[in-house]
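Coordinates as given in final.cif (mmCIF, N, CA and C atoms):
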```
data_final
#
loop_
_atom_site.label_atom_id
_atom_site.label_comp_id
_atom_site.auth_asym_id
_atom_site.auth_seq_id
_atom_site.Cartn_x
_atom_site.Cartn_y
_atom_site.Cartn_z
N GLN A 1 -78.08 -18.79 -144.35
CA GLN A 1 -76.72 -19.24 -144.10
C GLN A 1 -75.80 -18.73 -145.20
N ASN A 2 -74.56 -18.50 -144.83
CA ASN A 2 -73.58 -18.07 -145.83
C ASN A 2 -73.15 -19.27 -146.67
N TYR A 3 -72.62 -18.97 -147.85
CA TYR A 3 -72.10 -20.04 -148.71
C TYR A 3 -70.90 -19.52 -149.47
N PRO A 4 -69.89 -20.27 -149.73
CA PRO A 4 -69.69 -21.59 -149.13
C PRO A 4 -69.37 -21.47 -147.65
N ASN A 5 -69.52 -22.57 -146.94
CA ASN A 5 -69.19 -22.62 -145.52
C ASN A 5 -68.77 -24.04 -145.18
N PRO A 6 -67.52 -24.30 -144.91
CA PRO A 6 -66.40 -23.40 -144.69
C PRO A 6 -66.00 -22.66 -145.97
N PHE A 7 -65.26 -21.55 -145.79
CA PHE A 7 -64.90 -20.73 -146.94
C PHE A 7 -63.44 -20.30 -146.91
N ASN A 8 -62.95 -19.95 -148.08
CA ASN A 8 -61.63 -19.35 -148.28
C ASN A 8 -61.54 -18.97 -149.74
N PRO A 9 -61.37 -17.77 -150.14
CA PRO A 9 -61.11 -16.60 -149.32
C PRO A 9 -62.35 -15.75 -149.05
N THR A 10 -63.48 -16.02 -149.75
CA THR A 10 -64.67 -15.19 -149.54
C THR A 10 -65.89 -16.07 -149.30
N THR A 11 -66.90 -15.46 -148.68
CA THR A 11 -68.19 -16.11 -148.48
C THR A 11 -69.29 -15.11 -148.79
N THR A 12 -70.44 -15.62 -149.17
CA THR A 12 -71.57 -14.78 -149.56
C THR A 12 -72.71 -14.98 -148.57
N ILE A 13 -73.29 -13.86 -148.15
CA ILE A 13 -74.43 -13.87 -147.23
C ILE A 13 -75.61 -13.26 -147.97
N SER A 14 -76.72 -13.98 -148.03
CA SER A 14 -77.92 -13.48 -148.69
C SER A 14 -78.93 -13.04 -147.64
N VAL A 15 -79.50 -11.86 -147.88
CA VAL A 15 -80.50 -11.30 -146.95
C VAL A 15 -81.73 -10.94 -147.77
N SER A 16 -82.89 -11.30 -147.27
CA SER A 16 -84.15 -11.02 -147.93
C SER A 16 -85.03 -10.18 -147.02
N SER A 17 -85.68 -9.18 -147.58
CA SER A 17 -86.63 -8.40 -146.77
C SER A 17 -87.89 -8.16 -147.58
N ALA A 18 -89.03 -8.28 -146.91
CA ALA A 18 -90.32 -8.13 -147.56
C ALA A 18 -90.65 -6.67 -147.85
N ARG A 19 -90.03 -5.77 -147.09
CA ARG A 19 -90.26 -4.33 -147.30
C ARG A 19 -88.96 -3.58 -147.03
N ALA A 20 -88.90 -2.35 -147.40
CA ALA A 20 -87.71 -1.54 -147.17
C ALA A 20 -87.37 -1.56 -145.68
N ALA A 21 -86.07 -1.68 -145.37
CA ALA A 21 -85.68 -1.79 -143.96
C ALA A 21 -84.25 -1.32 -143.79
N ASP A 22 -83.92 -0.92 -142.55
CA ASP A 22 -82.54 -0.62 -142.18
C ASP A 22 -81.88 -1.95 -141.84
N LEU A 23 -80.89 -2.33 -142.63
CA LEU A 23 -80.21 -3.61 -142.44
C LEU A 23 -78.79 -3.39 -141.94
N ARG A 24 -78.38 -4.22 -141.00
CA ARG A 24 -77.02 -4.17 -140.48
C ARG A 24 -76.51 -5.60 -140.39
N VAL A 25 -75.34 -5.86 -140.96
CA VAL A 25 -74.71 -7.17 -140.88
C VAL A 25 -73.31 -6.95 -140.33
N SER A 26 -73.02 -7.55 -139.17
CA SER A 26 -71.73 -7.41 -138.50
C SER A 26 -71.13 -8.79 -138.29
N VAL A 27 -69.80 -8.85 -138.24
CA VAL A 27 -69.08 -10.10 -138.01
C VAL A 27 -68.35 -10.02 -136.68
N TYR A 28 -68.41 -11.13 -135.91
CA TYR A 28 -67.75 -11.24 -134.61
C TYR A 28 -66.92 -12.52 -134.58
N ASP A 29 -65.86 -12.50 -133.80
CA ASP A 29 -65.07 -13.74 -133.64
C ASP A 29 -65.71 -14.62 -132.58
N VAL A 30 -65.11 -15.77 -132.34
CA VAL A 30 -65.70 -16.76 -131.43
C VAL A 30 -65.76 -16.26 -129.98
N THR A 31 -64.93 -15.27 -129.62
CA THR A 31 -64.98 -14.71 -128.26
C THR A 31 -65.97 -13.56 -128.13
N GLY A 32 -66.62 -13.19 -129.25
CA GLY A 32 -67.60 -12.12 -129.23
C GLY A 32 -67.05 -10.75 -129.58
N ARG A 33 -65.77 -10.69 -129.93
CA ARG A 33 -65.18 -9.41 -130.32
C ARG A 33 -65.61 -9.02 -131.72
N PHE A 34 -65.93 -7.74 -131.90
CA PHE A 34 -66.32 -7.20 -133.19
C PHE A 34 -65.15 -7.34 -134.18
N VAL A 35 -65.44 -7.80 -135.39
CA VAL A 35 -64.43 -7.94 -136.43
C VAL A 35 -64.64 -6.90 -137.53
N THR A 36 -65.85 -6.84 -138.07
CA THR A 36 -66.13 -5.89 -139.14
C THR A 36 -67.63 -5.71 -139.33
N GLU A 37 -67.99 -4.63 -139.98
CA GLU A 37 -69.38 -4.37 -140.35
C GLU A 37 -69.47 -4.47 -141.86
N LEU A 38 -70.32 -5.36 -142.35
CA LEU A 38 -70.43 -5.59 -143.78
C LEU A 38 -71.49 -4.72 -144.44
N LEU A 39 -72.51 -4.35 -143.67
CA LEU A 39 -73.61 -3.55 -144.22
C LEU A 39 -74.27 -2.79 -143.08
N ASN A 40 -74.58 -1.54 -143.33
CA ASN A 40 -75.33 -0.74 -142.37
C ASN A 40 -76.01 0.38 -143.15
N GLN A 41 -77.15 0.04 -143.76
CA GLN A 41 -77.87 1.04 -144.54
C GLN A 41 -79.29 0.60 -144.83
N ARG A 42 -80.09 1.54 -145.27
CA ARG A 42 -81.48 1.24 -145.64
C ARG A 42 -81.46 0.59 -147.01
N LYS A 43 -82.18 -0.52 -147.13
CA LYS A 43 -82.27 -1.25 -148.38
C LYS A 43 -83.73 -1.41 -148.77
N PRO A 44 -84.01 -1.40 -150.07
CA PRO A 44 -85.39 -1.63 -150.51
C PRO A 44 -85.78 -3.09 -150.31
N ALA A 45 -87.05 -3.38 -150.45
CA ALA A 45 -87.52 -4.76 -150.36
C ALA A 45 -86.82 -5.60 -151.41
N GLY A 46 -86.59 -6.87 -151.08
CA GLY A 46 -85.98 -7.77 -152.06
C GLY A 46 -84.82 -8.55 -151.48
N ASN A 47 -84.07 -9.17 -152.37
CA ASN A 47 -82.92 -9.98 -151.99
C ASN A 47 -81.65 -9.16 -152.12
N HIS A 48 -80.76 -9.29 -151.15
CA HIS A 48 -79.51 -8.54 -151.13
C HIS A 48 -78.36 -9.51 -150.85
N VAL A 49 -77.26 -9.33 -151.55
CA VAL A 49 -76.11 -10.21 -151.43
C VAL A 49 -74.94 -9.42 -150.86
N ILE A 50 -74.32 -9.98 -149.82
CA ILE A 50 -73.18 -9.35 -149.15
C ILE A 50 -72.03 -10.33 -149.20
N VAL A 51 -70.85 -9.86 -149.56
CA VAL A 51 -69.67 -10.72 -149.63
C VAL A 51 -68.68 -10.29 -148.56
N TRP A 52 -68.19 -11.27 -147.80
CA TRP A 52 -67.13 -11.00 -146.82
C TRP A 52 -65.85 -11.64 -147.33
N ASN A 53 -64.78 -10.84 -147.36
CA ASN A 53 -63.51 -11.29 -147.89
C ASN A 53 -62.54 -11.75 -146.81
N GLY A 54 -63.02 -11.97 -145.59
CA GLY A 54 -62.17 -12.47 -144.52
C GLY A 54 -61.23 -11.42 -143.95
N GLU A 55 -61.61 -10.15 -144.07
CA GLU A 55 -60.79 -9.07 -143.51
C GLU A 55 -61.52 -8.37 -142.37
N SER A 56 -60.72 -7.80 -141.46
CA SER A 56 -61.27 -7.04 -140.35
C SER A 56 -61.70 -5.66 -140.84
N ASN A 57 -62.24 -4.87 -139.93
CA ASN A 57 -62.69 -3.52 -140.26
C ASN A 57 -61.55 -2.66 -140.80
N GLY A 58 -60.32 -2.90 -140.36
CA GLY A 58 -59.16 -2.14 -140.81
C GLY A 58 -58.54 -2.68 -142.08
N GLY A 59 -59.09 -3.75 -142.66
CA GLY A 59 -58.57 -4.30 -143.89
C GLY A 59 -57.51 -5.37 -143.69
N THR A 60 -57.29 -5.78 -142.45
CA THR A 60 -56.31 -6.81 -142.15
C THR A 60 -56.95 -8.19 -142.27
N PRO A 61 -56.31 -9.14 -142.97
CA PRO A 61 -56.87 -10.49 -143.04
C PRO A 61 -56.97 -11.12 -141.65
N VAL A 62 -58.07 -11.78 -141.38
CA VAL A 62 -58.24 -12.46 -140.10
C VAL A 62 -57.75 -13.90 -140.24
N GLY A 63 -57.51 -14.56 -139.12
CA GLY A 63 -57.01 -15.92 -139.13
C GLY A 63 -58.11 -16.95 -139.33
N SER A 64 -57.69 -18.17 -139.57
CA SER A 64 -58.63 -19.28 -139.66
C SER A 64 -59.40 -19.40 -138.35
N GLY A 65 -60.65 -19.81 -138.44
CA GLY A 65 -61.43 -20.01 -137.23
C GLY A 65 -62.91 -19.83 -137.45
N VAL A 66 -63.62 -19.84 -136.33
CA VAL A 66 -65.08 -19.69 -136.32
C VAL A 66 -65.42 -18.22 -136.15
N TYR A 67 -66.34 -17.75 -136.96
CA TYR A 67 -66.84 -16.38 -136.89
C TYR A 67 -68.37 -16.44 -136.94
N PHE A 68 -68.99 -15.40 -136.46
CA PHE A 68 -70.44 -15.30 -136.48
C PHE A 68 -70.84 -14.02 -137.18
N TYR A 69 -71.87 -14.10 -138.02
CA TYR A 69 -72.43 -12.86 -138.54
C TYR A 69 -73.78 -12.65 -137.88
N ARG A 70 -74.06 -11.39 -137.63
CA ARG A 70 -75.27 -10.98 -136.92
C ARG A 70 -76.07 -10.06 -137.83
N LEU A 71 -77.33 -10.38 -138.05
CA LEU A 71 -78.22 -9.58 -138.87
C LEU A 71 -79.20 -8.83 -137.99
N GLU A 72 -79.25 -7.52 -138.17
CA GLU A 72 -80.24 -6.69 -137.48
C GLU A 72 -81.12 -6.02 -138.52
N VAL A 73 -82.42 -6.01 -138.26
CA VAL A 73 -83.37 -5.36 -139.15
C VAL A 73 -84.10 -4.31 -138.34
N ASN A 74 -84.01 -3.06 -138.79
CA ASN A 74 -84.63 -1.92 -138.09
C ASN A 74 -84.23 -1.89 -136.62
N GLY A 75 -82.97 -2.21 -136.33
CA GLY A 75 -82.44 -2.12 -134.98
C GLY A 75 -82.70 -3.32 -134.08
N SER A 76 -83.42 -4.32 -134.58
CA SER A 76 -83.71 -5.52 -133.79
C SER A 76 -82.97 -6.72 -134.36
N LEU A 77 -82.52 -7.58 -133.48
CA LEU A 77 -81.80 -8.77 -133.90
C LEU A 77 -82.73 -9.68 -134.70
N ALA A 78 -82.29 -10.04 -135.90
CA ALA A 78 -83.07 -10.95 -136.74
C ALA A 78 -82.45 -12.34 -136.75
N GLY A 79 -81.17 -12.44 -136.36
CA GLY A 79 -80.55 -13.75 -136.31
C GLY A 79 -79.04 -13.67 -136.42
N SER A 80 -78.40 -14.80 -136.14
CA SER A 80 -76.96 -14.90 -136.31
C SER A 80 -76.63 -16.31 -136.75
N ARG A 81 -75.53 -16.44 -137.46
CA ARG A 81 -75.11 -17.72 -137.99
C ARG A 81 -73.61 -17.89 -137.85
N LYS A 82 -73.18 -19.14 -137.79
CA LYS A 82 -71.77 -19.47 -137.64
C LYS A 82 -71.13 -19.66 -139.02
N MET A 83 -69.90 -19.15 -139.17
CA MET A 83 -69.12 -19.31 -140.39
C MET A 83 -67.76 -19.88 -140.01
N LEU A 84 -67.15 -20.63 -140.91
CA LEU A 84 -65.84 -21.21 -140.66
C LEU A 84 -64.88 -20.80 -141.77
N LEU A 85 -63.85 -20.05 -141.40
CA LEU A 85 -62.83 -19.61 -142.35
C LEU A 85 -61.65 -20.57 -142.24
N LEU A 86 -61.28 -21.20 -143.35
CA LEU A 86 -60.14 -22.10 -143.40
C LEU A 86 -59.10 -21.53 -144.35
N LYS A 87 -57.88 -21.45 -143.88
CA LYS A 87 -56.81 -20.93 -144.74
C LYS A 87 -55.79 -22.00 -145.00
#
```

Final structure tokens representation of the file:
Amino acid sequence: QNYPNPFNPTTTISVSSARAADLRVSVYDVTGRFVTELLNQRKPAGNHVIVWNGESNGGTPVGSGVYFYRLEVNGSLAGSRKMLLLK
């Protein structure tokens, strides 16, 4: 889970992998529309920290509301979690 949650202005997402893997973390709004991609690269085994600053892919601040982050490992869905941005 991300922390803090609810958040303003940033939240931190921690990802752990037992071995090197292609990791992708994307953010979507409550209607399922893509907001931004936070990570899309091969990472070594271990713990990785990703920070989201509440901005869209174009750098525009998003509004208050519910967002979801989606974690994919080696192209397969590993999970998704709900985040709440309060401004």

Residue IDs satisfying the PyMOL selection byres (((chain A and resi 17 and name CA) around 8) and name CA), as a ChimeraX atom specification: /A:15-16,18-21,44-47

Taking (-66.3, -20.4, -143.0) in the file's coordinates, which residues come within 7 Å, counting only C-alpha atoms, written as a ChimeraX atom specification? /A:5-7,66,83-86

Starting from the PyMOL selection byres ((chain A and resi 27) around 6.5), expand the selection into actual residues of this file and give them as a PyMOL selection string. chain A and resi 25-26+28-29+33-38+67-70

Report, in Å with one decimal, the straight-line distance from atom CA of Val30 of chain A to atom CA of Lys43 of chain A.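 Distance reported for this atom pair: 28.3 Å.
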
Record the distance separating atom C of Arg42 of chain A and atom C of Thr11 of chain A, expressed in Å with one decimal. 19.9 Å

For the structure provided, state which residues fall under the PyMOL selection byres ((chain A and resi 23) around 7), and present them as a JSON list (two decimals) with N, CA and C atoms, in the frame of the given file.
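So the final result, stored in selection-v4.json, reads:
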```json
[["chain", "number", "residue", "atom", "x", "y", "z"],
["A", 21, "ALA", "N", -86.07, -1.68, -145.37],
["A", 21, "ALA", "CA", -85.68, -1.79, -143.96],
["A", 21, "ALA", "C", -84.25, -1.32, -143.79],
["A", 22, "ASP", "N", -83.92, -0.92, -142.55],
["A", 22, "ASP", "CA", -82.54, -0.62, -142.18],
["A", 22, "ASP", "C", -81.88, -1.95, -141.84],
["A", 24, "ARG", "N", -78.38, -4.22, -141.00],
["A", 24, "ARG", "CA", -77.02, -4.17, -140.48],
["A", 24, "ARG", "C", -76.51, -5.60, -140.39],
["A", 25, "VAL", "N", -75.34, -5.86, -140.96],
["A", 25, "VAL", "CA", -74.71, -7.17, -140.88],
["A", 25, "VAL", "C", -73.31, -6.95, -140.33],
["A", 39, "LEU", "N", -72.51, -4.35, -143.67],
["A", 39, "LEU", "CA", -73.61, -3.55, -144.22],
["A", 39, "LEU", "C", -74.27, -2.79, -143.08],
["A", 40, "ASN", "N", -74.58, -1.54, -143.33],
["A", 40, "ASN", "CA", -75.33, -0.74, -142.37],
["A", 40, "ASN", "C", -76.01, 0.38, -143.15],
["A", 41, "GLN", "N", -77.15, 0.04, -143.76],
["A", 41, "GLN", "CA", -77.87, 1.04, -144.54],
["A", 41, "GLN", "C", -79.29, 0.60, -144.83],
["A", 42, "ARG", "N", -80.09, 1.54, -145.27],
["A", 42, "ARG", "CA", -81.48, 1.24, -145.64],
["A", 42, "ARG", "C", -81.46, 0.59, -147.01],
["A", 43, "LYS", "N", -82.18, -0.52, -147.13],
["A", 43, "LYS", "CA", -82.27, -1.25, -148.38],
["A", 43, "LYS", "C", -83.73, -1.41, -148.77],
["A", 71, "LEU", "N", -77.33, -10.38, -138.05],
["A", 71, "LEU", "CA", -78.22, -9.58, -138.87],
["A", 71, "LEU", "C", -79.20, -8.83, -137.99],
["A", 72, "GLU", "N", -79.25, -7.52, -138.17],
["A", 72, "GLU", "CA", -80.24, -6.69, -137.48],
["A", 72, "GLU", "C", -81.12, -6.02, -138.52],
["A", 73, "VAL", "N", -82.42, -6.01, -138.26],
["A", 73, "VAL", "CA", -83.37, -5.36, -139.15],
["A", 73, "VAL", "C", -84.10, -4.31, -138.34],
["A", 74, "ASN", "N", -84.01, -3.06, -138.79],
["A", 74, "ASN", "CA", -84.63, -1.92, -138.09],
["A", 74, "ASN", "C", -84.23, -1.89, -136.62],
["A", 75, "GLY", "N", -82.97, -2.21, -136.33],
["A", 75, "GLY", "CA", -82.44, -2.12, -134.98],
["A", 75, "GLY", "C", -82.70, -3.32, -134.08]]
```

To one decimal place in Å, what is the distance between atom CA of His48 of chain A and atom CA of Ala78 of chain A?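 So the two atoms, atom CA of His48 of chain A and atom CA of Ala78 of chain A, lie 15.0 Å apart.
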
List every residue of chain A that DSSP, applied to the backbone of this structure, places in strand (DSSP E), and write the result as a VMD selection string. chain A and resid 11 to 17 21 to 29 34 to 43 46 to 52 65 to 73 76 to 85

For Asn2 of chain A: contacts at 7 Å, only N, CA and C atoms, fewer than 6 positions along chain excluded, given as a PyMOL selection string: chain A and resi 11-14+81-82

Quick one: write out the picked residues with N, CA and C atoms as a CSV table (one decimal), keeping the file's coordinate frame?
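The resulting file, out.csv, is reproduced below:
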```csv
chain,number,residue,atom,x,y,z
A,11,THR,N,-66.9,-15.5,-148.7
A,11,THR,CA,-68.2,-16.1,-148.5
A,11,THR,C,-69.3,-15.1,-148.8
A,12,THR,N,-70.4,-15.6,-149.2
A,12,THR,CA,-71.6,-14.8,-149.6
A,12,THR,C,-72.7,-15.0,-148.6
A,13,ILE,N,-73.3,-13.9,-148.2
A,13,ILE,CA,-74.4,-13.9,-147.2
A,13,ILE,C,-75.6,-13.3,-148.0
A,14,SER,N,-76.7,-14.0,-148.0
A,14,SER,CA,-77.9,-13.5,-148.7
A,14,SER,C,-78.9,-13.0,-147.6
A,81,ARG,N,-75.5,-16.4,-137.5
A,81,ARG,CA,-75.1,-17.7,-138.0
A,81,ARG,C,-73.6,-17.9,-137.8
A,82,LYS,N,-73.2,-19.1,-137.8
A,82,LYS,CA,-71.8,-19.5,-137.6
A,82,LYS,C,-71.1,-19.7,-139.0
```

Some atoms are absent from segment 8-33 of chain A, so rebuild N, CA, C and O atoms and return them as an mmCIF file, keeping the file's coordinate frame.
```cif
data_model
loop_
_atom_site.group_PDB
_atom_site.id
_atom_site.type_symbol
_atom_site.label_atom_id
_atom_site.label_comp_id
_atom_site.auth_asym_id
_atom_site.auth_seq_id
_atom_site.Cartn_x
_atom_site.Cartn_y
_atom_site.Cartn_z
ATOM 1 N N ASN A 8 -62.950 -19.950 -148.080
ATOM 2 C CA ASN A 8 -61.630 -19.350 -148.280
ATOM 3 C C ASN A 8 -61.540 -18.970 -149.740
ATOM 4 O O ASN A 8 -61.665 -19.832 -150.593
ATOM 5 N N PRO A 9 -61.370 -17.770 -150.140
ATOM 6 C CA PRO A 9 -61.110 -16.600 -149.320
ATOM 7 C C PRO A 9 -62.350 -15.750 -149.050
ATOM 8 O O PRO A 9 -62.309 -14.869 -148.219
ATOM 9 N N THR A 10 -63.480 -16.020 -149.750
ATOM 10 C CA THR A 10 -64.670 -15.190 -149.540
ATOM 11 C C THR A 10 -65.890 -16.070 -149.300
ATOM 12 O O THR A 10 -65.930 -17.234 -149.666
ATOM 13 N N THR A 11 -66.900 -15.460 -148.680
ATOM 14 C CA THR A 11 -68.190 -16.110 -148.480
ATOM 15 C C THR A 11 -69.290 -15.110 -148.790
ATOM 16 O O THR A 11 -69.087 -13.892 -148.680
ATOM 17 N N THR A 12 -70.440 -15.620 -149.170
ATOM 18 C CA THR A 12 -71.570 -14.780 -149.560
ATOM 19 C C THR A 12 -72.710 -14.980 -148.570
ATOM 20 O O THR A 12 -73.051 -16.110 -148.222
ATOM 21 N N ILE A 13 -73.290 -13.860 -148.150
ATOM 22 C CA ILE A 13 -74.430 -13.870 -147.230
ATOM 23 C C ILE A 13 -75.610 -13.260 -147.970
ATOM 24 O O ILE A 13 -75.504 -12.153 -148.516
ATOM 25 N N SER A 14 -76.720 -13.980 -148.030
ATOM 26 C CA SER A 14 -77.920 -13.480 -148.690
ATOM 27 C C SER A 14 -78.930 -13.040 -147.640
ATOM 28 O O SER A 14 -79.170 -13.751 -146.667
ATOM 29 N N VAL A 15 -79.500 -11.860 -147.880
ATOM 30 C CA VAL A 15 -80.500 -11.300 -146.950
ATOM 31 C C VAL A 15 -81.730 -10.940 -147.770
ATOM 32 O O VAL A 15 -81.615 -10.336 -148.834
ATOM 33 N N SER A 16 -82.890 -11.300 -147.270
ATOM 34 C CA SER A 16 -84.150 -11.020 -147.930
ATOM 35 C C SER A 16 -85.030 -10.180 -147.020
ATOM 36 O O SER A 16 -85.100 -10.458 -145.820
ATOM 37 N N SER A 17 -85.680 -9.180 -147.580
ATOM 38 C CA SER A 17 -86.630 -8.400 -146.770
ATOM 39 C C SER A 17 -87.890 -8.160 -147.580
ATOM 40 O O SER A 17 -87.839 -7.892 -148.774
ATOM 41 N N ALA A 18 -89.030 -8.280 -146.910
ATOM 42 C CA ALA A 18 -90.320 -8.130 -147.560
ATOM 43 C C ALA A 18 -90.650 -6.670 -147.850
ATOM 44 O O ALA A 18 -91.436 -6.376 -148.745
ATOM 45 N N ARG A 19 -90.030 -5.770 -147.090
ATOM 46 C CA ARG A 19 -90.260 -4.330 -147.300
ATOM 47 C C ARG A 19 -88.960 -3.580 -147.030
ATOM 48 O O ARG A 19 -88.017 -4.154 -146.492
ATOM 49 N N ALA A 20 -88.900 -2.350 -147.400
ATOM 50 C CA ALA A 20 -87.710 -1.540 -147.170
ATOM 51 C C ALA A 20 -87.370 -1.560 -145.680
ATOM 52 O O ALA A 20 -88.271 -1.518 -144.829
ATOM 53 N N ALA A 21 -86.070 -1.680 -145.370
ATOM 54 C CA ALA A 21 -85.680 -1.790 -143.960
ATOM 55 C C ALA A 21 -84.250 -1.320 -143.790
ATOM 56 O O ALA A 21 -83.458 -1.303 -144.739
ATOM 57 N N ASP A 22 -83.920 -0.920 -142.550
ATOM 58 C CA ASP A 22 -82.540 -0.620 -142.180
ATOM 59 C C ASP A 22 -81.880 -1.950 -141.840
ATOM 60 O O ASP A 22 -82.276 -2.616 -140.885
ATOM 61 N N LEU A 23 -80.890 -2.330 -142.630
ATOM 62 C CA LEU A 23 -80.210 -3.610 -142.440
ATOM 63 C C LEU A 23 -78.790 -3.390 -141.940
ATOM 64 O O LEU A 23 -78.096 -2.491 -142.416
ATOM 65 N N ARG A 24 -78.380 -4.220 -141.000
ATOM 66 C CA ARG A 24 -77.020 -4.170 -140.480
ATOM 67 C C ARG A 24 -76.510 -5.600 -140.390
ATOM 68 O O ARG A 24 -77.177 -6.453 -139.783
ATOM 69 N N VAL A 25 -75.340 -5.860 -140.960
ATOM 70 C CA VAL A 25 -74.710 -7.170 -140.880
ATOM 71 C C VAL A 25 -73.310 -6.950 -140.330
ATOM 72 O O VAL A 25 -72.498 -6.238 -140.925
ATOM 73 N N SER A 26 -73.020 -7.550 -139.170
ATOM 74 C CA SER A 26 -71.730 -7.410 -138.500
ATOM 75 C C SER A 26 -71.130 -8.790 -138.290
ATOM 76 O O SER A 26 -71.851 -9.773 -138.154
ATOM 77 N N VAL A 27 -69.800 -8.850 -138.240
ATOM 78 C CA VAL A 27 -69.080 -10.100 -138.010
ATOM 79 C C VAL A 27 -68.350 -10.020 -136.680
ATOM 80 O O VAL A 27 -67.743 -9.002 -136.357
ATOM 81 N N TYR A 28 -68.410 -11.130 -135.910
ATOM 82 C CA TYR A 28 -67.750 -11.240 -134.610
ATOM 83 C C TYR A 28 -66.920 -12.520 -134.580
ATOM 84 O O TYR A 28 -67.273 -13.499 -135.241
ATOM 85 N N ASP A 29 -65.860 -12.500 -133.800
ATOM 86 C CA ASP A 29 -65.070 -13.740 -133.640
ATOM 87 C C ASP A 29 -65.710 -14.620 -132.580
ATOM 88 O O ASP A 29 -66.727 -14.258 -131.970
ATOM 89 N N VAL A 30 -65.110 -15.770 -132.340
ATOM 90 C CA VAL A 30 -65.700 -16.760 -131.430
ATOM 91 C C VAL A 30 -65.760 -16.260 -129.980
ATOM 92 O O VAL A 30 -66.570 -16.744 -129.193
ATOM 93 N N THR A 31 -64.930 -15.270 -129.620
ATOM 94 C CA THR A 31 -64.980 -14.710 -128.260
ATOM 95 C C THR A 31 -65.970 -13.560 -128.130
ATOM 96 O O THR A 31 -66.113 -12.993 -127.067
ATOM 97 N N GLY A 32 -66.620 -13.190 -129.250
ATOM 98 C CA GLY A 32 -67.600 -12.120 -129.230
ATOM 99 C C GLY A 32 -67.050 -10.750 -129.580
ATOM 100 O O GLY A 32 -67.771 -9.765 -129.533
ATOM 101 N N ARG A 33 -65.770 -10.690 -129.930
ATOM 102 C CA ARG A 33 -65.180 -9.410 -130.320
ATOM 103 C C ARG A 33 -65.610 -9.020 -131.720
ATOM 104 O O ARG A 33 -65.627 -9.853 -132.635
#
```
